[in-house]
Amino acid sequence: MYRQGKGKTPRRHGPKKATNTDKDPVGVCCRIRPLGAEDEECCVEMISSSTIQLHAPDGLKANRNGEFKETQYSFKKVFGIKTTQMELFEEVAKPLIEDLIHCKNGLLFTYGVTGSGKTFTMTGSPGEGGLLPRSLDMVFNSIGPFQAKRYVFKPDEKNGMEVQNQVDALLERQKRDSQPTPVLKTPSSRHRPDPEFADMISSEEACKSENVDEDCCYSVFVSYIEIYNNYIYDLLEDAPYDPIRPKWLGGGTPVRNNEFIPPQSKILREDQNHNMYVAGCTEVEVKSTEEAFEVFWKGQKKRRIANTELNRESSRSHSVFTIKLAQAPLDADGDHILQDKSQVNVSQLCLVDLAGSERTSRTRAEGSRLREAGNINQSLMTLRTCMEVLRENQMYGTNKMVPYRDSKITHLFKNYFDGEGKVRMIVCVNPKADDYEETILVMRFAEMTQEVEVARPVDRPICFLAAGRRHRNQAFRDELSRRLDDRGGPTYSDDPVLLNQLIESLPVLPPCELVDPADDQTLPRLIEVLETRLRIRQMMTEQFNKTANTLKSMLQQFDGQLSAKDTFLHDQQSKLGEKDKVIVSQRTEIERLEKKSKTLEYKIDILQKTTDVYEQDKRSLQQELETREQRLLRELSEKKRMEQRMQGMVTDARHKWEKECERRVNAKQLEMQNKLWVKDEKLKQLKAIVTESSSNSGGGCAAERPERPSRERDRNVPQKRSASPSPIPTALPVHPMHRRSHSAGGEKWVDHKPACNLDLDTVMQPIIPNAIKVSTPNEKALSKCNMYVLRHQELASDGEIETKLIKGNVFKTRAGGQAVQFTDIETLRQECAAGPSRKRRSGSGEGPVQPEDVENRPPVAGTSSSYSHQKRRKP
């Protein structure tokens with residue numbers, strides 16, 4: 001058996017570098033998503049079908065002058081908040097599907113801030129299918145009748161296709177079906193559409209390409225990868241399960257730590273046509289939209305998502321879903337695929353869902369989330385840099401090297417920007433005010449990308465055979481079937497074997513050579529043989545007629561039986577019709593329940609993902625709570641130790657100050673006792689002087705001075721001292737005079753005397769000339785004066801009224817008011833002292849007593865009244 005060789009994707013013919021007329025700019029469209037809340041502030045306005053305008057939100061000033069700056073950006077097409085998924089597909093993705101069927105590559109990617117609707121635009125939701133499911137549906141609606149059998153096209157390991165004949169494909173199918181545990185099982189096709197997929201795309205929205213080459217056979221292959229932390233992972237890869245060290249968590253989410261085996265990263269390689277591809281990537285052959293979407297959903301469950309402050313299910317990786325279409329022409333008969341590997345062509349469409357650009361200050365990312373955000377922003381920055389270098393090279397004619405290799409996402413798609421197909425970008429915008437600054441950066445990059453031009457791919461005919469081969473072959477088969485049906489089945493009148501058997505059953509003709517016209521022997525023998533043949537034919541005809549009549553009677557009998565059976569069948573069919581109606585109703589109910597079940601399964605998957613995210617958040621929060629509790633316990637223990645230490649220090653300080661206060665009180669008591677002793681001595685001297693004066697005036701002559709007791713006698717007599725003054729005698733009180741204040745001068749004073757002060761009936765009063773007397777100070781009085789005095793009265797320790805004169809300077813403040821700065825305090829105190837008078841002894845023979853040392857004399861009881869003045873100055 002001859003096996004065909006591998007069919008490679010042929011190198012495209014034509015000029016390697018296209019001129020400026022053979023280039024098209026990158027098509028950039030903008031889509032605005034609705035606001036999350038009606039009362040939320042909006043910063044994006046759609047001006048026209050190709051222009052949007054950005055308004056700075058409240059509280060944000062766009063320039064140094066404080067004015068709000070409005071900016072406008074123009075695109076190929078702007079889709080508002082009311083744009084449906086079908087309208088977006090018709091405008092953006094449908095031309096790329098047309099090019100895919102006509103052997104041209106295409107690249108479509110969504111770009112924007114986190115939460116701007118990129119995944120919804122690409123994937124969609126039940127009832128609103130996105131660009132990806134609609135693209136798959138259009139491909140299979142267009143090439144459905146012209147698909148090759150499974151495994152006729154087989155991917156090789158070098159980004160090419162192997163072309164197999166029908167026998168090899170059949171053996172391959174039998175081999176795959178007989179495998180007990182296939183590594184990757186191709187989904188089986190369904191006769192009924194998947195209810196989940198049927199919800200995404202309605203029959204009214206189904207699209208189909210009318211320009212499909214019917215003389216070719218097609219086969220569709222899909223692959224699904226993600227670029228996570230600048231590593232490439234195959235989402236359709238089914239690695240063998242390790243029961244000791246499981247590889248995946250529940251929900252198909254891979255975890256990278258010491259407990260789980262990380263999946264193997266893929267590498268990028270370049271094929272013989274200098275096209276980049278992912279080596280070892282799984283490519284699944286699909287035969288219907290449902291199969292393709294089932295493969296996509298299988299990979300989608302493994303894609304990395306996480307919870308951030310901006311998005312509950314934020315994509316943490318770039319996903320690339322590739323639709324690869326292999327096609328080869330039919331042979332000249334229009335029956336089998338042309339076994340010529342140079343005529344096999346492979347085109348592909350890459351649908352890319354880029355991860356959203358985000359600021360870590362807003363997402364509050366930490367740990368692995370912070371590393372993911374950094375890699376996402378780095379890859380997007382590399383994409384911007386590549387676009388800027390391409391634009392600069394095209395505009396200024398420079399030849400700078402484009403840094404494709406700095407990121408896996410740019411390295412994978414560098415062929416598209418070098419002229420391998422059309423490039424389209426959808427910029428998704430969230431109009432809320434919080435994303436204003438990030439949206440400005442996205443708009444600038446999108447507007448700059450529109451200026452990059454990509455070389456237009458060159459059309460190439462597939463083969464040079466006549467068109468309409470498949471149609472003619474099908475018409476011939478239909479005509480042959482019709483003729484056989486008209487004849488009631490296959491005819492054998494032209495069969496030479498049956499004709500020879502019939503001729504051999506007849507008598508053999510004698511030699512018929514006539515040598516003489518008068519030969520009377522050959523002709524009679526020939527006539528006899530012919531007559532014998534005629535009789536045999538008549539007998540066969542009679543036997544045939546007899547057999548035909550018998551057969552006819554049997555057929556009539558059979559017709560009668562058949563009519564009876566038809567009647568019976570009619571009755572049974574009527575009953576079967578009723579049963580069919582019941583079955584149809586039950587089938588409708590089953591389909592409804594299946595549809596509902598699929599919808600619930602879809603919701604369960606979403607809830608499972610959300611639950612996993614919440615569980616992960618819960619574990620992290622519990623861990624953080626435990627850490628904070630431990631820290632709080634440590635702080636409490638340290639606080640208790642600090643309180644005990646401070647309590648000990650306070651106790652020691654209190655004991656220390658108690659001792660110090662006790663020492664100071666004792667010293668003050670001793671000092672006051674000394675002062676009281678000095679005052680008592682002075683009173684005694686004063687009393688003695690007064691007594692001597694009165695006795696001299698009463699006797700008319702100076703009497704002899706009484707004998708003063710000696711020091712020894714005073715020492716023998718115990719004297720009782722008191723800390724407080726002696727009580728006032730019954731005689732008339734002596735009113736001490738208030739001394740006039742020394743502060744009276746030429747200044748202008750405000751004399752503040754509160755209404756609660758008492759007027760002391762003393763001779764000397766503090767009098768301030770040229771003063772304004774007030775009971776309550778006010779700003780008017782203060783503005784006219786430059787000095788201020790306050791009279792304050794309180795009870796002293798001896799029970800007498802003590803008057804304090806608090807003085808200060810008045811000055812003006814910067815605010816225009818008045819302020820007072822106190823500088824001096826004068827204390828006016830009234831003291832009254834009284835005690836028993838000491839009289840001289842009359843008639844004593846002792847001489848005058850010599851004055852004694854006052855400081856060394858013991859205190860003597862007596863009465864006294866004095867006015868003391870103490871002055872204290874404050875700085």
# chains A, B, ... in the order shown; residues from 1 in each chain; ligands from 1
>>> select_by_dssp(residues="range 776-807 of chain A", states="alpha helix (DSSP H)", output="PyMOL selection string")
chain A and resi 779-784
>>> closest_residue(among="A:Asn141, A:Asn415, A:Thr322, A:Asn229", to="Glu372 in chain A", atoms="only C-alpha atoms")
A:Asn229
>>> residues_around(residues="Phe321 in chain A", least_positions_apart="4", cutoff="7 Å", atoms="only C-alpha atoms", output="ChimeraX atom specification")
/A:223-225,350-352
>>> atom_distance(atom1="CA of Arg384 in chain A", atom2="CA of Glu91 in chain A")
25.0 Å
>>> atom_distance(atom1="CA of Arg470 in chain A", atom2="CA of Ile337 in chain A")
10.8 Å
>>> atom_distance(atom1="CA of Asp271 in chain A", atom2="CA of Gly160 in chain A")
8.6 Å
>>> closest_residue(among="A:Thr83, A:Gln450, A:Asn666, A:Gln327", to="Ser219 in chain A", atoms="only C-alpha atoms")
A:Gln327
>>> closest_residue(among="A:Asp566, A:Glu157, A:Glu98, A:Glu214", to="Arg469 in chain A", atoms="only C-alpha atoms")
A:Glu214
>>> residues_around(residues="range 279-294 of chain A", least_positions_apart="5", cutoff="6 Å", atoms="only C-alpha atoms", output="VMD selection string")
chain A and resid 136 to 137 187 220 to 223 267 to 268
